[in-house]
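Asker: Below is one structure. I have some questions about it.
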Amino acid sequence: MFLTISTTGSAARPATDLGYLLHKHPGKAQVFATSYGDAHVFYPEAGEERCTAALLLEVDPPALVRRGRGKGRGGAPDAALAQYVNDRPYAASSLLAVALRTVFASALRGECRTLPERAAAPLPLRVEVPALPARGGPALVARLFEPLGWQVAAEPVPLDDHFPEWGDSRYVRLVLEGELRLSDALRHLYVLLPVLDDAKHYWVSAEEVDKLLRFGDGWLAGHPEQQLISRRYLARRRSLTREADERLELVRLADADDVEVEEIDNAVEPEQPDGSQERPAPLAVQRREAILAGLRAAGATRVLDLGCGQGQLLAALLKEPRFTEIVGVDVSVRALEMAARRLHLDRMGERQSSRLTLLQGSLAYTDKRLKGYDAAVLSEVVEHLDPPRLPALEYAVFGAARPRTVIVTTPNVEYNVRWETLPAGHRRHADHRFEWTRREFRDWARAVADRYGYAVEFQPVGPDDPEVGPPTQLALFTGGTGGTGGTGGTGTTTDTGTDTGTHEKKKEDAA
């Protein structure tokens, strides 16, 4: 496998600066051991006007077989000959992408202490890959690279020069030219080489989603072929592809509203109603503060975060010593793993970690582990359930677990018109099964309170628009028995926000 990266320069800015940016000296050849063979870095030319760095990966097929990575493309894993005789030593693939990340790690991150200004600036670059598998042909190569600012030349490689009637192979000779930052160019190659090959030579685990988003940061979310890239990069594993698409959707919303992804949390940031330039706290932050205020007022110390996701609320709860026992529950094991990483659970002190428990479980089923707690939070959860499944959640939380306090937040669909970045008729998140008006939410909450013997009051979260209400609506249920069970009763309701929304019947297709 072979790849070259070239740039041009002048006496003032010699092309040999490429050596600093790649952290590899043009004056010597270097060898780096990888899991798949030796990676060689050398410079076929190195002058002030033009400099070329070459990466040659010397793949060892028997070593791949010994390491359990010897499955032939599209063939049976026990096809012994195919394990040793294949294109892996010659054609660029995921193995070359791994070598790029191994050998040019600092350049991928855009780091260069010697020439930081050069690392941060676009360079005239030329990338050549003599043999690249391209499932989809030259047209797909252009669709992947041209939106990123590259001029693309993808020349099909014939099956045999002596027999042109046999046609072209699935390989192309690729040449990319453009003015880009070196780190961007390397990240494009790292993601798109295995996408074009449409095969990975190592086990695709859940960690690949993080890699895809990390190296796709700044360009993947807005790429016209984003879904194809995610699907192929993640080896067509549906669960991983779905997770990547959902997280990239949050990135798109965050980019549109100039906030961090963590601050989106299933909603875009509210705009200032008076048009002032001062930015309010992000809606996700306001929501967490409202939840924490409700828990403090209730005197809760043992708290359930039901549908905890990646752990943003858990992190806020851990910061307050008053919460002595915190339990995060989610149906997604992947989400719990991400929460553990976000909270640095593996490095957390013993006293702090003893306060936190992460549980995998579905809120559609009763769970005796959830009984006996002071409070439970359902933050931006109910709208992710199909409406026919809501009664099961209601019973599991309010009927079986019966915490003394339950806090529920959900988007107010009426407020969606206040965001120009949200197309008319669209929900705030692709996974939302519905979004309620204020009247629909209050009708649902009052019915639940009456059915299970709670009192309920309502609070706005975010700016309370006089016409469409707040962006987020919150219901605070009180009067549960803390896990002793209950047979239902008559609840009471209090509204601390306006109730001017018109009732809208949920359509079945909105589920």
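Residue names in the structure tokens use chain letters A, B, ... in the order shown, residue numbers from 1 in each chain, and ligand numbers from 1 in the order shown.
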Hey, could you make a per-residue contact list for stretch 394-455 of chain A against stretch 367-386 of chain A with 12 Å as the cut-off, showing the nearest pair of atoms and its distance in Å to one decimal, counting only C-alpha atoms, sorted by chain and number, as a Markdown table?
Answerer:
| residue | atom | partner | partner_atom | distance |
| --- | --- | --- | --- | --- |
| A:Glu394 | CA | A:Val382 | CA | 9.7 |
| A:Tyr395 | CA | A:Asp367 | CA | 10.8 |
| A:Ala396 | CA | A:Asp367 | CA | 7.2 |
| A:Val397 | CA | A:Ala376 | CA | 8.2 |
| A:Phe398 | CA | A:Ala376 | CA | 9.6 |
| A:Gly399 | CA | A:Lys371 | CA | 10.3 |
| A:Ala400 | CA | A:Lys371 | CA | 7.3 |
| A:Ala401 | CA | A:Lys371 | CA | 4.3 |
| A:Arg402 | CA | A:Lys371 | CA | 6.8 |
| A:Pro403 | CA | A:Ala375 | CA | 5.1 |
| A:Arg404 | CA | A:Asp374 | CA | 5.2 |
| A:Thr405 | CA | A:Ala375 | CA | 4.5 |
| A:Val406 | CA | A:Ala376 | CA | 4.8 |
| A:Ile407 | CA | A:Val377 | CA | 4.8 |
| A:Val408 | CA | A:Leu378 | CA | 4.7 |
| A:Thr409 | CA | A:Ser379 | CA | 4.9 |
| A:Thr410 | CA | A:Glu380 | CA | 4.9 |
| A:Pro411 | CA | A:Glu380 | CA | 7.2 |
| A:Asn412 | CA | A:Glu383 | CA | 10.6 |
| A:Val413 | CA | A:Glu383 | CA | 10.9 |
| A:Arg427 | CA | A:Glu383 | CA | 10.3 |
| A:Arg428 | CA | A:Glu383 | CA | 10.5 |
| A:His429 | CA | A:His384 | CA | 9.2 |
| A:Ala430 | CA | A:His384 | CA | 9.5 |
| A:Asp431 | CA | A:His384 | CA | 6.1 |
| A:His432 | CA | A:His384 | CA | 4.8 |
| A:Arg433 | CA | A:His384 | CA | 5.4 |
| A:Phe434 | CA | A:Glu383 | CA | 5.5 |
| A:Glu435 | CA | A:Glu383 | CA | 6.1 |
| A:Trp436 | CA | A:Glu383 | CA | 8.2 |
| A:Thr437 | CA | A:Glu383 | CA | 11.8 |
| A:Phe441 | CA | A:Val382 | CA | 10.5 |
| A:Trp444 | CA | A:Val382 | CA | 11.1 |
| A:Ala445 | CA | A:Val382 | CA | 11.4 |
Asker: Can those selected residues be exported to a file as a compact mmCIF listing (two decimals), in the first residue's frame so that it contains N, CA and C atoms?
Answerer:
# COMPACT_ATOMS: atom_id res chain seq x y z
N GLU A 394 -45.77 4.85 32.36
CA GLU A 394 -46.49 5.48 33.46
C GLU A 394 -46.62 4.53 34.63
N TYR A 395 -47.01 3.29 34.36
CA TYR A 395 -47.18 2.35 35.46
C TYR A 395 -45.83 1.99 36.09
N ALA A 396 -44.80 1.77 35.25
CA ALA A 396 -43.50 1.39 35.78
C ALA A 396 -42.94 2.45 36.72
N VAL A 397 -43.15 3.74 36.39
CA VAL A 397 -42.58 4.83 37.20
C VAL A 397 -43.53 5.23 38.32
N PHE A 398 -44.78 5.60 37.95
CA PHE A 398 -45.71 6.16 38.94
C PHE A 398 -46.45 5.08 39.72
N GLY A 399 -46.66 3.91 39.12
CA GLY A 399 -47.42 2.87 39.80
C GLY A 399 -46.58 1.88 40.57
N ALA A 400 -45.42 1.51 40.01
CA ALA A 400 -44.59 0.47 40.65
C ALA A 400 -43.44 1.08 41.46
N ALA A 401 -42.61 1.92 40.83
CA ALA A 401 -41.47 2.51 41.55
C ALA A 401 -41.95 3.53 42.58
N ARG A 402 -42.91 4.39 42.22
CA ARG A 402 -43.54 5.37 43.08
C ARG A 402 -42.58 6.22 43.91
N PRO A 403 -41.63 6.90 43.28
CA PRO A 403 -40.82 7.87 44.05
C PRO A 403 -41.70 8.99 44.57
N ARG A 404 -41.28 9.64 45.63
CA ARG A 404 -42.10 10.70 46.22
C ARG A 404 -42.27 11.89 45.26
N THR A 405 -41.21 12.14 44.45
CA THR A 405 -41.23 13.25 43.50
C THR A 405 -40.83 12.74 42.12
N VAL A 406 -41.54 13.18 41.10
CA VAL A 406 -41.17 12.86 39.73
C VAL A 406 -41.15 14.17 38.93
N ILE A 407 -40.06 14.40 38.22
CA ILE A 407 -39.94 15.58 37.37
C ILE A 407 -39.88 15.11 35.92
N VAL A 408 -40.77 15.66 35.09
CA VAL A 408 -40.82 15.32 33.66
C VAL A 408 -40.65 16.59 32.85
N THR A 409 -39.70 16.58 31.91
CA THR A 409 -39.58 17.69 30.96
C THR A 409 -39.76 17.15 29.55
N THR A 410 -40.28 18.00 28.68
CA THR A 410 -40.49 17.61 27.28
C THR A 410 -40.59 18.88 26.44
N PRO A 411 -40.28 18.82 25.15
CA PRO A 411 -40.38 20.02 24.32
C PRO A 411 -41.82 20.52 24.19
N ASN A 412 -41.96 21.82 24.03
CA ASN A 412 -43.24 22.45 23.71
C ASN A 412 -43.27 22.69 22.21
N VAL A 413 -44.06 21.92 21.48
CA VAL A 413 -44.04 21.99 20.02
C VAL A 413 -44.49 23.36 19.52
N ARG A 427 -39.69 18.05 13.75
CA ARG A 427 -39.48 17.94 15.20
C ARG A 427 -38.04 18.29 15.53
N ARG A 428 -37.77 18.48 16.82
CA ARG A 428 -36.44 18.94 17.23
C ARG A 428 -35.38 17.85 17.16
N HIS A 429 -35.80 16.63 17.08
CA HIS A 429 -34.85 15.51 17.04
C HIS A 429 -35.45 14.42 16.17
N ALA A 430 -34.60 13.76 15.40
CA ALA A 430 -35.09 12.75 14.47
C ALA A 430 -35.77 11.57 15.16
N ASP A 431 -35.43 11.33 16.43
CA ASP A 431 -35.99 10.18 17.14
C ASP A 431 -37.26 10.53 17.93
N HIS A 432 -37.70 11.77 17.91
CA HIS A 432 -38.93 12.14 18.62
C HIS A 432 -40.12 11.49 17.94
N ARG A 433 -40.92 10.74 18.71
CA ARG A 433 -42.13 10.13 18.16
C ARG A 433 -43.29 11.12 18.13
N PHE A 434 -43.23 12.13 18.96
CA PHE A 434 -44.24 13.19 19.00
C PHE A 434 -43.65 14.37 19.76
N GLU A 435 -44.29 15.50 19.66
CA GLU A 435 -43.98 16.66 20.50
C GLU A 435 -45.31 17.29 20.87
N TRP A 436 -45.54 17.53 22.16
CA TRP A 436 -46.82 17.96 22.66
C TRP A 436 -46.97 19.48 22.69
N THR A 437 -48.22 19.93 22.52
CA THR A 437 -48.56 21.30 22.87
C THR A 437 -48.63 21.40 24.39
N PHE A 441 -49.67 18.26 26.92
CA PHE A 441 -48.80 17.82 28.01
C PHE A 441 -49.54 17.89 29.34
N TRP A 444 -52.12 15.14 29.69
CA TRP A 444 -51.47 13.85 30.00
C TRP A 444 -51.02 13.82 31.46
N ALA A 445 -50.34 14.87 31.92
CA ALA A 445 -49.80 14.89 33.28
C ALA A 445 -50.91 14.83 34.33
Asker: What are the DSSP helix (DSSP H, G or I) residues of stretch 121-252 of chain A, as JSON, numbers by chain?
Answerer: {"A": [137, 138, 139, 140, 141, 142, 143, 144, 145, 146, 147, 148, 164, 165, 166, 182, 183, 184, 185, 186, 187, 188, 189, 190, 191, 192, 193, 194, 195, 196, 197, 207, 208, 209, 210, 211, 212, 213, 214, 215, 226, 227, 228, 229, 230, 231, 232, 233, 238, 239, 240, 241, 242, 243, 244, 245, 246, 247, 248, 249, 250, 251, 252]}
Asker: Limited to C-alpha atoms, could you put the picked residues into a file as a short mmCIF file (atom, residue, chain, number, x, y, z; two decimals), in the first residue's frame?
Answerer:
data_model
loop_
_atom_site.label_atom_id
_atom_site.label_comp_id
_atom_site.auth_asym_id
_atom_site.auth_seq_id
_atom_site.Cartn_x
_atom_site.Cartn_y
_atom_site.Cartn_z
CA GLY A 137 -16.33 3.76 -9.15
CA PRO A 138 -14.83 7.15 -9.99
CA ALA A 139 -18.22 8.86 -9.68
CA LEU A 140 -18.46 7.96 -5.99
CA VAL A 141 -14.87 9.06 -5.39
CA ALA A 142 -15.76 12.50 -6.74
CA ARG A 143 -18.97 12.67 -4.66
CA LEU A 144 -16.99 11.96 -1.51
CA PHE A 145 -14.00 14.26 -1.98
CA GLU A 146 -15.22 17.20 -4.09
CA PRO A 147 -17.58 18.62 -1.40
CA LEU A 148 -14.51 18.86 0.87
CA PRO A 164 -8.81 -3.94 -22.80
CA GLU A 165 -12.01 -5.78 -23.74
CA TRP A 166 -12.06 -7.17 -20.21
CA LEU A 182 -2.80 19.21 6.38
CA SER A 183 -4.75 17.91 9.39
CA ASP A 184 -8.02 18.19 7.43
CA ALA A 185 -6.53 16.31 4.49
CA LEU A 186 -5.34 13.48 6.72
CA ARG A 187 -8.72 13.23 8.47
CA HIS A 188 -10.49 13.05 5.10
CA LEU A 189 -8.23 10.19 4.06
CA TYR A 190 -8.54 8.38 7.40
CA VAL A 191 -12.34 8.22 7.12
CA LEU A 192 -12.85 7.91 3.36
CA LEU A 193 -10.24 5.29 2.42
CA PRO A 194 -12.11 2.49 4.22
CA VAL A 195 -15.44 3.95 3.03
CA LEU A 196 -14.39 3.57 -0.61
CA ASP A 197 -12.97 0.12 0.03
CA GLU A 207 -15.74 2.77 19.73
CA GLU A 208 -15.72 3.24 15.94
CA VAL A 209 -18.61 5.70 16.30
CA ASP A 210 -16.43 7.94 18.46
CA LYS A 211 -13.59 7.68 15.93
CA LEU A 212 -15.90 8.57 13.06
CA LEU A 213 -17.22 11.66 14.84
CA ARG A 214 -13.77 12.69 16.08
CA PHE A 215 -12.09 12.53 12.68
CA GLN A 226 -22.96 11.62 5.29
CA GLN A 227 -25.30 8.64 5.67
CA LEU A 228 -23.40 6.56 3.11
CA ILE A 229 -20.12 7.43 4.83
CA SER A 230 -21.46 6.45 8.25
CA ARG A 231 -22.98 3.22 6.97
CA ARG A 232 -19.86 2.04 5.19
CA TYR A 233 -17.38 3.24 7.82
CA ARG A 238 -27.39 -0.71 11.93
CA SER A 239 -27.23 0.11 15.63
CA LEU A 240 -23.90 1.92 15.25
CA THR A 241 -25.00 3.73 12.09
CA ARG A 242 -28.20 4.90 13.77
CA GLU A 243 -26.24 6.22 16.75
CA ALA A 244 -23.79 8.05 14.47
CA ASP A 245 -26.61 9.63 12.46
CA GLU A 246 -28.39 10.82 15.62
CA ARG A 247 -25.23 12.35 17.05
CA LEU A 248 -24.40 14.01 13.73
CA GLU A 249 -27.91 15.47 13.65
CA LEU A 250 -27.13 17.12 17.00
CA VAL A 251 -23.89 18.43 15.53
CA ARG A 252 -25.82 19.99 12.63
#
Asker: Just list as number ranges by chain whatever in stretch 313-505 of chain A DSSP marks as strand (DSSP E or B).
Answerer: A: 325-330, 356-360, 375-379, 405-412, 436, 455-461, 465, 469, 472-478, 493-495
Asker: So how many Å separate atom CA of A:Phe477 and atom CA of A:Thr301, to one decimal?
Answerer: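 Result for atom CA of A:Phe477 versus atom CA of A:Thr301: 16.3 Å, one decimal.
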Asker: Need to verify the contact set: stretch 38-51 of chain A, 6 Å, only C-alpha atoms, exclusion of same-chain residues closer than 3 positions in sequence. Can you return it as a list of chain:residue names?
Answerer: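 Contacts, in chain order: A:Ser6, A:Thr7, A:Thr8, A:Gly9, A:Ser10, A:Pro14, A:Ala15, A:Thr16, A:Pro26, A:Ala29, A:Gln30, A:Val31, A:Phe32, A:Ala33, A:Thr34, A:Ala54, A:Leu55, A:Leu56, A:Leu57, A:Glu58.
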Asker: Give me a file of those residues, with N, CA and C atoms, as a JSON list (two decimals), in the first residue's frame.
Answerer:
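The resulting file, result_35.json, is shown below:
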[["chain", "number", "residue", "atom", "x", "y", "z"],
["A", 6, "SER", "N", 2.18, 15.72, -1.26],
["A", 6, "SER", "CA", 3.15, 16.70, -1.77],
["A", 6, "SER", "C", 2.63, 18.11, -1.51],
["A", 7, "THR", "N", 3.58, 19.05, -1.41],
["A", 7, "THR", "CA", 3.23, 20.47, -1.31],
["A", 7, "THR", "C", 4.31, 21.28, -2.01],
["A", 8, "THR", "N", 3.98, 22.52, -2.31],
["A", 8, "THR", "CA", 4.94, 23.42, -2.94],
["A", 8, "THR", "C", 5.22, 24.59, -2.01],
["A", 9, "GLY", "N", 6.33, 25.29, -2.28],
["A", 9, "GLY", "CA", 6.70, 26.40, -1.41],
["A", 9, "GLY", "C", 7.63, 27.37, -2.11],
["A", 10, "SER", "N", 8.30, 28.18, -1.32],
["A", 10, "SER", "CA", 9.21, 29.21, -1.84],
["A", 10, "SER", "C", 10.36, 29.36, -0.86],
["A", 14, "PRO", "N", 9.65, 27.42, 2.65],
["A", 14, "PRO", "CA", 10.06, 26.24, 1.88],
["A", 14, "PRO", "C", 9.08, 25.08, 2.01],
["A", 15, "ALA", "N", 8.99, 24.32, 0.94],
["A", 15, "ALA", "CA", 8.09, 23.17, 0.94],
["A", 15, "ALA", "C", 8.50, 22.12, 1.96],
["A", 16, "THR", "N", 9.78, 22.14, 2.35],
["A", 16, "THR", "CA", 10.25, 21.16, 3.33],
["A", 16, "THR", "C", 9.65, 21.37, 4.72],
["A", 26, "PRO", "N", 12.75, 15.08, 6.58],
["A", 26, "PRO", "CA", 12.92, 14.73, 5.17],
["A", 26, "PRO", "C", 14.25, 14.06, 4.85],
["A", 29, "ALA", "N", 14.91, 8.10, 6.22],
["A", 29, "ALA", "CA", 13.78, 7.18, 6.13],
["A", 29, "ALA", "C", 13.52, 6.58, 7.51],
["A", 30, "GLN", "N", 12.27, 6.39, 7.83],
["A", 30, "GLN", "CA", 11.91, 5.86, 9.15],
["A", 30, "GLN", "C", 10.95, 4.69, 8.99],
["A", 31, "VAL", "N", 11.00, 3.79, 9.96],
["A", 31, "VAL", "CA", 10.14, 2.59, 9.94],
["A", 31, "VAL", "C", 9.37, 2.55, 11.25],
["A", 32, "PHE", "N", 8.05, 2.25, 11.15],
["A", 32, "PHE", "CA", 7.18, 2.18, 12.32],
["A", 32, "PHE", "C", 6.42, 0.85, 12.28],
["A", 33, "ALA", "N", 6.43, 0.17, 13.40],
["A", 33, "ALA", "CA", 5.73, -1.11, 13.49],
["A", 33, "ALA", "C", 4.24, -0.87, 13.71],
["A", 34, "THR", "N", 3.40, -1.57, 12.96],
["A", 34, "THR", "CA", 1.96, -1.54, 13.16],
["A", 34, "THR", "C", 1.47, -2.97, 13.34],
["A", 54, "ALA", "N", 6.17, 10.15, 1.45],
["A", 54, "ALA", "CA", 5.55, 8.90, 1.04],
["A", 54, "ALA", "C", 5.34, 8.00, 2.25],
["A", 55, "LEU", "N", 4.19, 7.34, 2.28],
["A", 55, "LEU", "CA", 3.89, 6.35, 3.31],
["A", 55, "LEU", "C", 3.69, 5.01, 2.60],
["A", 56, "LEU", "N", 4.53, 4.05, 2.93],
["A", 56, "LEU", "CA", 4.46, 2.71, 2.36],
["A", 56, "LEU", "C", 4.17, 1.73, 3.49],
["A", 57, "LEU", "N", 3.06, 1.03, 3.38],
["A", 57, "LEU", "CA", 2.71, 0.03, 4.39],
["A", 57, "LEU", "C", 3.01, -1.35, 3.82],
["A", 58, "GLU", "N", 3.95, -2.02, 4.46],
["A", 58, "GLU", "CA", 4.37, -3.35, 4.02],
["A", 58, "GLU", "C", 3.56, -4.38, 4.81]]
Asker: From the set A:Ala99, A:Ile5, A:Val59, A:Ala206, which residue has the shortest atom-to-atom contact distance to A:Val127, counting only C-alpha atoms?
Answerer: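 So, comparing all the options, the nearest one is A:Ile5.
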Asker: Which residue is closest to A:Ala153? Choose from A:Ala455, A:Leu174, A:Ala449, A:Ala134 and count only C-alpha atoms.
Answerer: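 Comparing A:Ala455, A:Leu174, A:Ala449, A:Ala134 against A:Ala153, the winner is A:Leu174.
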Asker: In Å to one decimal, how far is atom CA of A:Pro388 from atom CA of A:Leu474?
Answerer: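 Between atom CA of A:Leu474 and atom CA of A:Pro388 the gap is 21.7 Å.
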Asker: Restricting the calculation to only C-alpha atoms, which member of A:Gln352, A:Ser106, A:Ser93, A:Thr4 is positioned closest to A:Leu125?
Answerer: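 Of all the options, A:Thr4 lies closest to A:Leu125.
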Asker: Mind giving me the straight-line distance from atom CA of A:Glu350 to atom CA of A:Lys319 in Å, one decimal?
Answerer: 14.9 Å
Asker: Restricting the calculation to only C-alpha atoms, which member of A:Arg347, A:His162, A:Arg389, A:Arg296 is positioned closest to A:Ala364?
Answerer: A:Arg389
Asker: Residues near A:Asp168, anyone? I mean within 10 Å using only C-alpha atoms, not counting same-chain ones fewer than 2 positions away, as a ChimeraX atom specification.
Answerer: /A:137,155-161,164-166,170-172
Asker: Considering only C-alpha atoms, return as a PyMOL selection string whatever protein or nucleic-acid residues lie within 12 Å of A:Ala120, sequence-local ones (same chain, fewer than 6 positions apart) excluded.
Answerer: chain A and resi 21+107-113+180-184
